[in-house]
Structure formats: structure tokens, C-alpha cells
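> I'm passing along data.cif; it holds mmCIF, C-alpha atoms and all ligand atoms.
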```cif
data_target
#
loop_
_atom_site.label_atom_id
_atom_site.label_comp_id
_atom_site.auth_asym_id
_atom_site.auth_seq_id
_atom_site.Cartn_x
_atom_site.Cartn_y
_atom_site.Cartn_z
CA MET M 217 -77.26 38.74 -33.60
CA ARG M 218 -75.99 39.67 -37.02
CA LEU M 219 -78.36 39.21 -39.88
CA SER M 220 -77.15 37.33 -42.85
CA LYS M 221 -76.96 39.15 -46.16
CA PRO M 222 -80.26 38.93 -47.96
CA SER M 223 -80.52 39.03 -51.68
CA CYS M 224 -82.75 41.69 -53.13
CA SER M 225 -85.09 39.00 -54.39
CA MET M 226 -86.14 38.70 -50.76
CA LYS M 227 -87.70 42.10 -51.16
CA LEU M 228 -90.19 40.44 -53.46
CA ILE M 229 -91.34 38.30 -50.61
CA ALA M 230 -91.11 41.08 -48.10
CA SER M 231 -93.29 43.46 -50.02
CA GLY M 232 -95.99 40.84 -49.71
CA LYS M 233 -99.39 39.94 -51.14
CA GLY M 234 -98.03 39.35 -54.59
CA GLN M 235 -97.54 43.10 -54.96
CA THR M 236 -93.96 43.82 -55.84
CA SER M 237 -92.68 47.32 -55.87
CA ASP M 238 -90.79 48.76 -58.81
CA ASN M 239 -87.64 48.93 -56.76
CA ALA M 240 -87.86 45.34 -55.66
CA GLN M 241 -88.31 44.23 -59.23
CA LYS M 242 -85.35 46.22 -60.46
CA CYS M 243 -83.03 45.05 -57.77
CA ALA M 244 -84.17 41.45 -58.09
CA GLY M 245 -83.25 41.61 -61.73
CA ILE M 246 -86.70 41.10 -63.15
CA ASP M 247 -86.74 42.70 -66.55
CA LYS M 248 -89.47 45.16 -67.14
CA ASP M 249 -90.04 47.23 -70.19
CA GLU M 250 -86.88 49.25 -70.62
CA THR M 251 -88.74 52.52 -70.98
CA GLU M 252 -90.41 51.90 -67.69
CA GLN M 253 -87.04 51.13 -66.04
CA ALA M 254 -85.57 54.32 -67.41
CA ARG M 255 -88.51 56.30 -66.08
CA ILE M 256 -88.00 54.91 -62.61
CA LEU M 257 -84.30 55.51 -62.66
CA THR M 258 -84.24 58.97 -64.10
CA GLY M 259 -87.35 60.39 -62.57
CA GLY M 260 -88.10 61.41 -66.13
CA SER M 261 -85.84 64.39 -66.45
CA ASN M 262 -83.13 65.64 -68.74
CA MET M 263 -79.71 64.74 -67.52
CA PRO M 264 -77.40 67.61 -66.64
CA GLY M 265 -74.60 65.06 -66.83
CA ASP M 266 -75.24 64.65 -70.56
CA SER M 267 -73.09 67.60 -71.46
CA VAL M 268 -70.14 66.30 -69.45
CA THR M 269 -68.37 63.08 -70.32
CA HIS M 270 -66.78 62.59 -66.95
CA GLY M 271 -69.08 64.84 -64.98
CA ALA M 272 -70.15 64.62 -61.39
CA ASP M 273 -71.89 61.50 -60.22
CA PHE M 274 -75.41 62.74 -60.50
CA LEU M 275 -77.99 60.82 -58.64
CA LEU M 276 -79.85 58.16 -60.54
CA ARG M 277 -77.84 58.60 -63.67
CA PRO M 278 -79.15 55.99 -66.08
CA SER M 279 -77.09 53.97 -68.49
CA ARG M 280 -76.74 55.26 -72.05
CA GLU M 281 -79.57 52.97 -73.23
CA GLY M 282 -81.69 54.30 -70.39
CA ARG M 283 -81.26 57.83 -71.61
CA MET M 284 -82.60 56.98 -75.04
CA ALA M 285 -85.84 55.93 -73.46
CA ASP M 286 -85.73 58.96 -71.26
CA ASN M 287 -87.33 61.33 -73.75
CA ILE M 288 -90.39 59.14 -73.97
CA ALA M 289 -90.43 58.86 -70.22
CA ASN M 290 -90.25 62.62 -69.99
CA MET M 291 -93.50 62.97 -71.86
CA LYS M 292 -95.07 60.43 -69.54
CA ASP M 293 -94.15 62.06 -66.32
CA PRO M 294 -92.89 65.60 -66.66
CA ASN M 295 -93.28 66.51 -63.01
CA GLN M 296 -90.69 64.23 -61.48
CA ASN M 297 -87.27 65.77 -61.28
CA PHE M 298 -84.16 63.96 -60.26
CA LYS M 299 -81.72 65.66 -57.96
CA THR M 300 -78.15 66.65 -58.60
CA ALA M 301 -75.44 66.28 -55.97
CA MET M 302 -75.74 70.04 -55.34
CA ASP M 303 -79.51 69.79 -54.80
CA ILE M 304 -78.92 67.07 -52.23
CA PHE M 305 -76.22 69.18 -50.61
CA HIS M 306 -78.64 72.07 -50.17
CA GLU M 307 -81.22 69.77 -48.57
CA THR M 308 -79.05 67.55 -46.42
CA GLY M 309 -75.60 69.12 -46.17
CA VAL M 310 -74.14 65.94 -47.70
CA LEU M 311 -72.12 66.54 -50.87
CA VAL M 312 -70.83 63.59 -52.87
CA GLN M 313 -69.51 64.10 -56.38
CA GLU M 314 -67.81 61.04 -57.79
CA VAL M 315 -66.58 60.36 -61.30
CA ASP M 316 -67.28 56.81 -62.44
CA GLU M 317 -68.58 56.63 -66.00
CA GLY M 318 -65.84 55.81 -68.52
CA GLN M 319 -63.25 55.12 -65.82
CA PRO M 320 -60.94 52.15 -66.56
CA CYS M 321 -61.35 48.81 -64.78
CA LEU M 322 -58.38 48.12 -62.53
CA SER M 323 -58.84 44.37 -62.74
CA CYS M 324 -59.67 43.90 -66.46
CA ARG M 325 -57.35 46.66 -67.65
CA ASP M 326 -57.70 46.85 -71.47
CA LYS M 327 -60.67 44.48 -71.69
CA CYS M 328 -63.06 47.09 -70.27
CA SER M 329 -63.66 50.15 -72.40
CA GLY M 330 -64.62 52.11 -69.29
CA PHE M 331 -67.18 51.92 -66.52
CA SER M 332 -70.74 51.91 -67.75
CA PRO M 333 -73.27 51.84 -64.90
CA HIS M 334 -75.64 48.90 -64.78
CA MET M 335 -79.24 49.93 -64.23
CA TRP M 336 -79.61 48.59 -60.73
CA ARG M 337 -76.60 46.50 -59.76
CA THR M 338 -73.39 48.23 -58.76
CA ILE M 339 -71.52 46.56 -61.60
CA CYS M 340 -70.17 47.63 -64.97
CA ASN M 341 -72.18 46.86 -68.11
CA ASN M 342 -68.95 46.40 -70.06
CA CYS M 343 -66.92 44.04 -67.91
CA LYS M 344 -69.36 43.01 -65.13
CA CYS M 345 -66.80 43.86 -62.44
CA PRO M 346 -68.09 45.84 -59.43
CA ARG M 347 -68.11 49.63 -59.63
CA GLU M 348 -65.37 49.79 -57.00
CA ALA M 349 -63.06 47.69 -59.20
CA HIS M 350 -62.96 50.71 -61.52
CA ASP M 351 -60.89 53.79 -61.05
CA VAL M 352 -63.75 55.76 -59.48
CA CYS M 353 -62.42 59.07 -58.22
CA HIS M 354 -63.24 62.63 -57.28
CA GLU M 355 -62.69 65.43 -59.71
CA GLU M 356 -62.86 68.03 -56.99
CA PHE M 357 -61.02 68.50 -53.72
CA VAL M 358 -62.99 66.60 -51.04
CA ASN M 359 -63.66 67.99 -47.62
CA VAL M 360 -64.86 65.09 -45.48
CA CYS M 361 -67.20 67.35 -43.47
CA ASP M 362 -69.11 68.09 -46.68
CA ARG M 363 -69.15 64.42 -47.58
CA ILE M 364 -70.71 63.29 -44.32
CA GLY M 365 -72.74 66.47 -43.77
CA PHE M 366 -71.02 67.56 -40.55
CA GLN M 367 -70.29 71.03 -39.31
CA PRO M 368 -66.61 71.33 -38.44
CA SER M 369 -65.86 70.94 -34.71
CA PRO M 370 -66.22 74.15 -32.68
CA GLU M 371 -62.50 73.84 -31.89
CA PRO M 372 -60.76 75.99 -34.57
CA SER M 373 -57.61 73.81 -34.48
CA ARG M 374 -59.76 70.89 -35.67
CA HIS M 375 -61.28 72.66 -38.67
CA PRO M 376 -60.39 71.04 -41.98
CA ILE M 377 -57.46 72.79 -43.66
CA SER M 378 -58.46 74.85 -46.69
CA LYS M 379 -58.04 73.46 -50.17
CA GLU M 380 -55.32 76.00 -51.03
CA LYS M 381 -53.22 75.28 -47.93
CA THR M 382 -53.58 71.52 -48.27
CA LEU M 383 -52.58 71.48 -51.93
CA SER M 384 -49.73 73.91 -51.40
CA ALA M 385 -48.38 71.55 -48.71
CA GLY M 386 -48.33 68.88 -51.45
CA TYR M 387 -51.14 66.66 -50.12
CA SER M 388 -54.81 65.97 -50.81
CA TRP M 389 -55.47 65.90 -47.06
CA VAL M 390 -53.48 66.83 -43.95
CA PRO M 391 -54.54 66.48 -40.32
CA PRO M 392 -55.66 69.89 -39.00
CA GLY M 393 -54.01 71.83 -36.22
CA LEU M 394 -50.41 70.66 -36.76
CA SER M 395 -47.20 72.49 -37.63
CA SER M 396 -45.54 71.41 -40.86
CA GLU M 397 -42.91 69.46 -38.85
CA LYS M 398 -45.65 67.60 -37.00
CA ILE M 399 -47.47 66.89 -40.27
CA GLU M 400 -44.28 65.24 -41.55
CA GLU M 401 -43.89 63.35 -38.27
CA TYR M 402 -47.47 62.08 -38.57
CA PHE M 403 -47.10 60.96 -42.19
CA ASN M 404 -43.71 59.34 -41.43
CA GLN M 405 -45.54 56.92 -39.15
CA LEU M 406 -47.79 55.68 -41.95
CA PRO M 407 -46.82 53.22 -44.68
CA ASN M 408 -45.38 55.30 -47.53
CA ASN M 409 -47.93 54.14 -50.12
CA LEU M 410 -50.82 55.31 -47.91
CA VAL M 411 -49.65 58.91 -47.45
CA PRO M 412 -51.98 61.16 -49.55
CA GLN M 413 -49.16 63.04 -51.24
CA LEU M 414 -50.24 64.59 -54.55
CA GLY M 415 -49.40 62.52 -57.61
CA THR M 416 -48.54 59.37 -55.64
CA PRO M 417 -50.40 56.08 -55.08
CA GLY M 418 -51.27 57.41 -51.62
CA GLU M 419 -53.43 60.13 -53.16
CA LYS M 420 -55.37 57.46 -55.09
CA TYR M 421 -55.58 55.32 -51.96
CA ARG M 422 -57.26 58.11 -50.00
CA ASP M 423 -59.66 58.88 -52.83
CA ARG M 424 -60.70 55.24 -53.03
CA GLN M 425 -61.10 54.90 -49.29
CA LEU M 426 -63.45 57.91 -49.22
CA ILE M 427 -65.67 56.09 -51.69
CA LEU M 428 -65.46 52.72 -49.93
CA GLN M 429 -65.52 53.75 -46.27
CA LEU M 430 -68.11 56.53 -46.61
CA PRO M 431 -70.51 55.17 -49.25
CA LYS M 432 -72.77 57.95 -50.46
CA GLN M 433 -75.88 55.77 -50.24
CA ASP M 434 -75.30 55.44 -46.48
CA LEU M 435 -75.03 59.17 -45.97
CA ALA M 436 -78.34 60.57 -47.21
CA ALA M 437 -81.61 58.97 -48.33
CA ALA M 438 -81.45 61.05 -51.49
CA TYR M 439 -78.46 58.99 -52.68
CA CYS M 440 -80.34 55.68 -52.29
CA LYS M 441 -81.87 54.25 -55.42
CA PHE M 442 -83.80 51.44 -53.79
CA LEU M 443 -84.99 52.83 -50.51
CA GLU M 444 -88.70 52.21 -50.49
CA LYS M 445 -91.09 54.82 -49.13
CA ASP M 446 -92.02 52.66 -46.16
CA PHE M 447 -88.42 52.61 -45.00
CA VAL M 448 -87.45 56.26 -45.37
CA LYS M 449 -88.20 56.86 -41.70
CA SER M 450 -86.10 53.85 -40.66
CA PHE M 451 -83.30 55.18 -42.83
CA ASP M 452 -83.53 58.63 -41.27
CA ASP M 453 -83.51 57.08 -37.78
CA PHE M 454 -80.42 55.11 -38.73
CA VAL M 455 -78.69 58.27 -39.99
CA ASN M 456 -79.66 60.33 -36.95
CA THR M 457 -78.58 57.69 -34.45
CA ARG M 458 -75.34 57.10 -36.29
CA ASN M 459 -74.52 60.79 -36.60
CA GLU M 460 -75.29 61.45 -32.98
CA MET M 461 -73.84 58.35 -31.32
CA ALA M 462 -71.25 56.83 -33.60
CA LEU M 463 -69.85 58.94 -36.42
CA ASP M 464 -67.14 61.49 -35.75
CA ILE M 465 -63.84 62.86 -36.95
CA GLY M 466 -60.71 62.18 -34.90
CA PHE M 467 -57.76 64.49 -34.52
CA VAL M 468 -54.02 64.31 -34.02
CA ARG M 469 -52.67 65.41 -30.63
CA ASP M 470 -49.25 66.77 -31.40
CA HIS M 471 -47.65 66.29 -28.01
CA LEU M 472 -48.53 63.64 -25.43
CA GLU M 473 -48.23 65.00 -21.94
CA ARG M 474 -47.41 61.62 -20.38
CA ASP M 475 -46.53 58.08 -21.38
CA THR M 476 -49.54 56.01 -22.28
CA GLU M 477 -50.47 52.99 -24.36
CA CYS M 478 -52.14 52.61 -27.73
CA LYS M 479 -55.72 51.36 -27.46
CA LYS M 480 -55.32 49.20 -30.54
CA CYS M 481 -51.96 47.46 -30.14
CA SER M 482 -51.30 48.16 -26.44
CA GLY M 483 -47.86 49.34 -27.53
CA GLU M 484 -46.12 52.28 -25.93
CA LEU M 485 -46.85 55.91 -26.72
CA CYS M 486 -44.24 58.12 -25.08
CA MET M 487 -44.54 61.62 -23.71
CA GLY M 488 -43.91 64.19 -26.46
CA GLU M 489 -45.00 61.83 -29.28
CA LEU M 490 -48.04 62.52 -31.38
CA CYS M 491 -51.08 60.28 -31.32
CA VAL M 492 -54.57 60.06 -32.78
CA VAL M 493 -57.59 60.69 -30.57
CA ALA M 494 -61.20 59.62 -31.19
CA PRO M 495 -63.23 62.03 -29.03
CA LYS M 496 -66.16 59.61 -28.76
CA LEU M 497 -63.88 57.20 -26.88
CA GLY M 498 -62.65 59.94 -24.56
CA GLU M 499 -59.89 62.42 -25.16
CA ASP M 500 -57.37 60.48 -23.06
CA VAL M 501 -57.60 57.38 -25.26
CA SER M 502 -54.75 57.37 -27.78
CA PHE M 503 -53.76 55.50 -30.91
CA HIS M 504 -50.60 55.23 -32.99
CA PRO M 505 -51.33 56.91 -36.35
CA SER M 506 -50.99 53.53 -38.10
CA CYS M 507 -53.27 51.86 -35.53
CA PHE M 508 -56.24 54.16 -36.28
CA ILE M 509 -57.92 51.58 -38.52
CA CYS M 510 -61.32 49.97 -39.10
CA ASN M 511 -61.84 46.79 -37.12
CA VAL M 512 -63.25 44.99 -40.19
CA CYS M 513 -61.39 46.17 -43.30
CA GLU M 514 -58.31 47.20 -41.32
CA GLU M 515 -57.77 50.19 -43.59
CA LEU M 516 -56.58 53.50 -42.18
CA LEU M 517 -59.70 55.48 -41.26
CA VAL M 518 -59.91 57.98 -44.07
CA ASP M 519 -59.29 61.58 -42.98
CA LEU M 520 -59.59 60.22 -39.40
CA THR M 521 -63.35 59.73 -39.91
CA TYR M 522 -64.54 56.88 -37.71
CA CYS M 523 -67.58 55.25 -36.18
CA ILE M 524 -67.66 53.74 -32.75
CA LEU M 525 -69.71 50.75 -31.61
CA ASP M 526 -69.12 49.03 -28.26
CA ASP M 527 -65.81 50.90 -27.95
CA VAL M 528 -64.52 49.51 -31.24
CA LEU M 529 -63.53 51.61 -34.28
CA TYR M 530 -65.12 51.02 -37.65
CA CYS M 531 -65.30 52.83 -40.95
CA GLU M 532 -68.87 53.95 -41.73
CA ARG M 533 -69.43 51.08 -44.18
CA HIS M 534 -68.53 48.45 -41.62
CA TYR M 535 -70.27 50.21 -38.75
CA ALA M 536 -73.50 50.13 -40.76
CA GLU M 537 -73.02 46.43 -41.45
CA GLN M 538 -72.75 45.62 -37.76
CA THR M 539 -76.40 46.54 -37.35
CA LYS M 540 -78.02 46.25 -40.79
CA PRO M 541 -77.55 43.85 -43.65
CA ARG M 542 -76.22 45.32 -46.88
CA CYS M 543 -77.55 44.16 -50.23
CA SER M 544 -74.71 42.67 -52.22
CA ALA M 545 -76.29 43.66 -55.54
CA CYS M 546 -77.10 47.33 -54.97
CA ASP M 547 -74.72 47.94 -52.03
CA GLU M 548 -77.43 49.69 -50.03
CA VAL M 549 -78.21 49.09 -46.39
CA ASN M 550 -81.39 47.08 -46.09
CA PHE M 551 -84.27 47.93 -43.79
CA PHE M 552 -87.00 45.56 -44.82
CA MET M 553 -85.46 42.67 -42.87
CA PHE M 554 -86.81 44.20 -39.72
CA THR M 555 -90.37 43.94 -40.85
CA ILE M 556 -90.12 40.51 -42.43
CA LYS M 557 -90.53 39.07 -38.93
CA ASN M 558 -94.11 40.34 -38.95
CA PHE M 559 -94.83 38.98 -42.36
CA SER M 560 -96.38 35.56 -42.69
CA LEU M 561 -96.82 33.69 -45.93
ZN ZN M 601 -63.57 44.78 -65.08
ZN ZN M 602 -65.81 47.84 -66.59
ZN ZN M 603 -50.72 51.03 -31.72
ZN ZN M 604 -64.00 49.19 -42.72
#
```
Show me, as C-alpha cells, the structure contained in the file I just sent.


Amino acid sequence: MRLSKPSCSMKLIASGKGQTSDNAQKCAGIDKDETEQARILTGGSNMPGDSVTHGADFLLRPSREGRMADNIANMKDPNQNFKTAMDIFHETGVLVQEVDEGQPCLSCRDKCSGFSPHMWRTICNNCKCPREAHDVCHEEFVNVCDRIGFQPSPEPSRHPISKEKTLSAGYSWVPPGLSSEKIEEYFNQLPNNLVPQLGTPGEKYRDRQLILQLPKQDLAAAYCKFLEKDFVKSFDDFVNTRNEMALDIGFVRDHLERDTECKKCSGELCMGELCVVAPKLGEDVSFHPSCFICNVCEELLVDLTYCILDDVLYCERHYAEQTKPRCSACDEVNFFMFTIKNFSL
């Protein structure tokens, strides 16, 4: 059975006995003293992001108001440090550096002066649109293995192509292991506006899909703002099971050895054509390049990164939502629902 989406205010009930945690209060929108909120959010540290206007998306970056209170918070609790994306990378192998602050809103256009992170909701303080309505992007070249914390496949032909080679081919990503003719053949089978050619809408499309399909807060506990201590183990179990059973990176087979059919559309795939393979489904299962999509959002699986559940392809976001509810305010996967059963009022 699929659980319905809870609101974070349910956490107030779930945490029980009239004791509400700081996180539950923040996410439920209960206003506390602002200094106290800033302390929770920043961990009471100076912000390396302060020196950079459009710097990396450091974890737990507070709003500008939050930072003002931060100095006071620092005196209160000097021992808590917050982690940068690089710190998290060293601990978990997951590296996510996104640029959001100050980015224009794609739906309000001129009305928003630029994304300003709300303290606990994933919305903009300026225009109230969701973070993803803004032009959130990556400043750096993104290697999807770094983003999800995977070692490249032992097969050298499936190693991600280096930054230099990819950019010199004129793309922000190309499928590994293909000749330049086959790369063109692969991209020719995709809608033009979805091909990640540098300086085109397709480059933006890929960037956005990385953020949407592989949400950083699903990838490592350190990127979660509202994961309560009691649920860290559940989160880690979720990550381990997913990484072992479900999450993987597909590849393009450049030359089919016999006629076969596409698993998605049941259409023909002829000998000699190229196709996409999801190893977790078996290496003889093939897809048209444009059929390698998430079953829920129906977007092309970004950089061929997929999850599998009951033989169906999903992006990571929608895989996670098949098994866990996601909070619509903070966009984090929710674990407390599994203990609420044991909680009686
Ligand atoms: Zn807006
Ligand atoms: Zn905005
Ligand atoms: Zn197909
Ligand atoms: Zn999806």
C-alpha cells in the first residue's frame, strides 16, 4: 500500500508526549525565536558561503536574516560545525554542489529578485514559488557517479567520460564507450531540446533533471535538514537497500547483435541499432534511447541513472516515493510514518 503524503505537522503528533523536537517545530511552521532557529539551521558556525554570492550549495545555509543571528548563536554553541559539500563528499562519497541563492524565478520572471531560501520550506522567501521553479543549476561539471556516491563500473567502457573530453565534444554529458558517430546516432534519437549540447536548452534540461531526479537530500543523511536522530538508521537502511538493489547507471550498447523489442514500447529494435541497457534488468533487455524514462515523471533518465522496482524504471525521486512518503514542505523522505503505527494517543 502506498502511504499518503503526510504534512510535517504530523511529526508533532508522532514525536509524542507533548514533546516536539526542534525539527518538527521548524517544519511544521511553528515560529520560534529567530536566533534559536538560526542556531539549529547553521549549527552555529561561520558560513564559508558568505564570501561567495553564488557559491556552492552549502549544507544548512541559512537565509540572510538567519546569518545575522548566527553570530549570537556562535557564542552559544561554538562546538557545532556545519558541513560543506566537500566535507560530506569525504565522508560519504556523495558530492552535490548546487547554485540556488539569487537565481531568477522561471515562473515569476521579473517579480522575483532572486531565490532566497526559506528557513525550512523548500520555497523562495521573495516569491514563495518552490526552489525548483528557480533557475537552480550547477556551477561545476557534474559527474553523476560523484553525485550518487558510486564507484564507476569495473567495465572501462562504462566509465564516465572525462570533463575535458565531454566538453570538447560540445556536450555536458555523453554516454560512455561510444564512437563519435554512435554518440551522434544516440542523440539523434532524442528530442532535440533534450540533447545536453552546450549552450542549448538541452544543457539546462539535463542540469535541472539532475537536481529533480537525484535530490541531494535522498542521497546522504548529511544533506537532510529534518532527519531526526531516531530515524538516521532507517535512512541509512533505505540508502543501503536502494544502492544495492535498485539504483544503477545504464549504458548504451552500440550494436545490437539480433532483432529484439523495446521493453518500454514493445516496438522493434533491429540488429545493428543502438539501444539502452539497464544491467539490473538483465543485459539482454533493451530500450530505445527515448524510451529510457521514469515511469512516473516520464522524463529521460538523467545520464542513464535509474532505479528499478518490480521490473519498472524510475528516477531516484520517484523510486523513493514508491516506498516512503515525501514531505511536501521540506521535500525530504519521511521515516516517522513507520513508527506512528505504534503510537497511541
Ligand atoms: Zn517565483
Ligand atoms: Zn523567487
Ligand atoms: Zn521503445
Ligand atoms: Zn521520475

> To one decimal place in Å, what is the distance between atom CA of Asn341 of chain M and atom CA of Glu317 of chain M?

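Separating atom CA of Asn341 of chain M from atom CA of Glu317 of chain M is a distance of 10.6 Å.
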
> Report as a Markdown table the residues of chain M within 12 Å of ligand ZN 604 (chain M), each with its shortest atom pair and distance in Å (one decimal), using only C-alpha atoms and all ligand atoms, ordered by chain and increasing residue number.


```
| residue | atom | partner | partner_atom | distance |
| --- | --- | --- | --- | --- |
| M:Gln425 | CA | M:ZN604 | ZN | 9.2 |
| M:Leu426 | CA | M:ZN604 | ZN | 10.9 |
| M:Ile427 | CA | M:ZN604 | ZN | 11.4 |
| M:Leu428 | CA | M:ZN604 | ZN | 8.2 |
| M:Gln429 | CA | M:ZN604 | ZN | 6.0 |
| M:Leu430 | CA | M:ZN604 | ZN | 9.3 |
| M:Pro431 | CA | M:ZN604 | ZN | 11.0 |
| M:Phe508 | CA | M:ZN604 | ZN | 11.2 |
| M:Ile509 | CA | M:ZN604 | ZN | 7.8 |
| M:Cys510 | CA | M:ZN604 | ZN | 4.6 |
| M:Asn511 | CA | M:ZN604 | ZN | 6.5 |
| M:Val512 | CA | M:ZN604 | ZN | 5.0 |
| M:Cys513 | CA | M:ZN604 | ZN | 4.0 |
| M:Glu514 | CA | M:ZN604 | ZN | 6.2 |
| M:Glu515 | CA | M:ZN604 | ZN | 6.4 |
| M:Leu516 | CA | M:ZN604 | ZN | 8.6 |
| M:Leu517 | CA | M:ZN604 | ZN | 7.8 |
| M:Val518 | CA | M:ZN604 | ZN | 9.8 |
| M:Thr521 | CA | M:ZN604 | ZN | 10.9 |
| M:Tyr522 | CA | M:ZN604 | ZN | 9.2 |
| M:Cys523 | CA | M:ZN604 | ZN | 9.6 |
| M:Ile524 | CA | M:ZN604 | ZN | 11.6 |
| M:Val528 | CA | M:ZN604 | ZN | 11.5 |
| M:Leu529 | CA | M:ZN604 | ZN | 8.8 |
| M:Tyr530 | CA | M:ZN604 | ZN | 5.5 |
| M:Cys531 | CA | M:ZN604 | ZN | 4.3 |
| M:Glu532 | CA | M:ZN604 | ZN | 6.9 |
| M:Arg533 | CA | M:ZN604 | ZN | 5.9 |
| M:His534 | CA | M:ZN604 | ZN | 4.7 |
| M:Tyr535 | CA | M:ZN604 | ZN | 7.5 |
| M:Ala536 | CA | M:ZN604 | ZN | 9.7 |
| M:Glu537 | CA | M:ZN604 | ZN | 9.5 |
| M:Gln538 | CA | M:ZN604 | ZN | 10.7 |
```

> Please check which protein, DNA or RNA residues sit within 9 Å of ligand ZN 602 (chain M), counting all atoms listed in the file, and write them as number ranges by chain.

M: 318-325, 327-333, 339-347, 349-350

> Export, as a short mmCIF file (atom, residue, chain, number, x, y, z; two decimals), in the coordinates of the input, the selected residues with C-alpha atoms.


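Saved the output as result-v8.cif:
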```cif
data_model
loop_
_atom_site.label_atom_id
_atom_site.label_comp_id
_atom_site.auth_asym_id
_atom_site.auth_seq_id
_atom_site.Cartn_x
_atom_site.Cartn_y
_atom_site.Cartn_z
CA GLY M 318 -65.84 55.81 -68.52
CA GLN M 319 -63.25 55.12 -65.82
CA PRO M 320 -60.94 52.15 -66.56
CA CYS M 321 -61.35 48.81 -64.78
CA LEU M 322 -58.38 48.12 -62.53
CA SER M 323 -58.84 44.37 -62.74
CA CYS M 324 -59.67 43.90 -66.46
CA ARG M 325 -57.35 46.66 -67.65
CA LYS M 327 -60.67 44.48 -71.69
CA CYS M 328 -63.06 47.09 -70.27
CA SER M 329 -63.66 50.15 -72.40
CA GLY M 330 -64.62 52.11 -69.29
CA PHE M 331 -67.18 51.92 -66.52
CA SER M 332 -70.74 51.91 -67.75
CA PRO M 333 -73.27 51.84 -64.90
CA ILE M 339 -71.52 46.56 -61.60
CA CYS M 340 -70.17 47.63 -64.97
CA ASN M 341 -72.18 46.86 -68.11
CA ASN M 342 -68.95 46.40 -70.06
CA CYS M 343 -66.92 44.04 -67.91
CA LYS M 344 -69.36 43.01 -65.13
CA CYS M 345 -66.80 43.86 -62.44
CA PRO M 346 -68.09 45.84 -59.43
CA ARG M 347 -68.11 49.63 -59.63
CA ALA M 349 -63.06 47.69 -59.20
CA HIS M 350 -62.96 50.71 -61.52
#
```

> Dump the neighbourhood of ligand ZN 603 (chain M) as a list in words: all residues within 10 Å, distances computed on all atoms listed in the file.

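Taking all atoms listed in the file into account, the residues around ligand ZN 603 (chain M) at most 10 Å away are Glu477, Cys478, Lys479, Lys480, Cys481, Ser482, Gly483, Glu484, Leu485, Cys491, Val492, Ser502, Phe503, His504, Pro505, Ser506, Cys507, Phe508 and Ile509 of chain M.
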
> To one decimal in Å, tell me the separation between atom CA of Cys353 of chain M and atom CA of Asn404 of chain M.

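A separation of 25.1 Å between them.
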
> Quick check, in Å to one decimal: how far apart do atom CA of Val468 of chain M and atom CA of Gly386 of chain M lie?

18.9 Å

> For ligand ZN 601 (chain M), which residue among M:Asp547, M:Glu400, M:Asp326, M:Asp464 is the nearest when counting all atoms listed in the file?

M:Asp326

> Just checking: using all atoms listed in the file, which residue out of M:Glu314, M:Asp470, M:Asp452, M:Asp434 ends up closest to Glu355 of chain M?

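Among the listed residues, the smallest separation from Glu355 of chain M belongs to M:Glu314.
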
> Give as a PyMOL selection string each residue that has an atom at most 10 Å from (-83.1, 50.7, -51.5) in the file, counting all atoms listed in the file.

chain M and resi 224+227+239-240+243+433+437+439-445+447-448+451+542-543+546-552
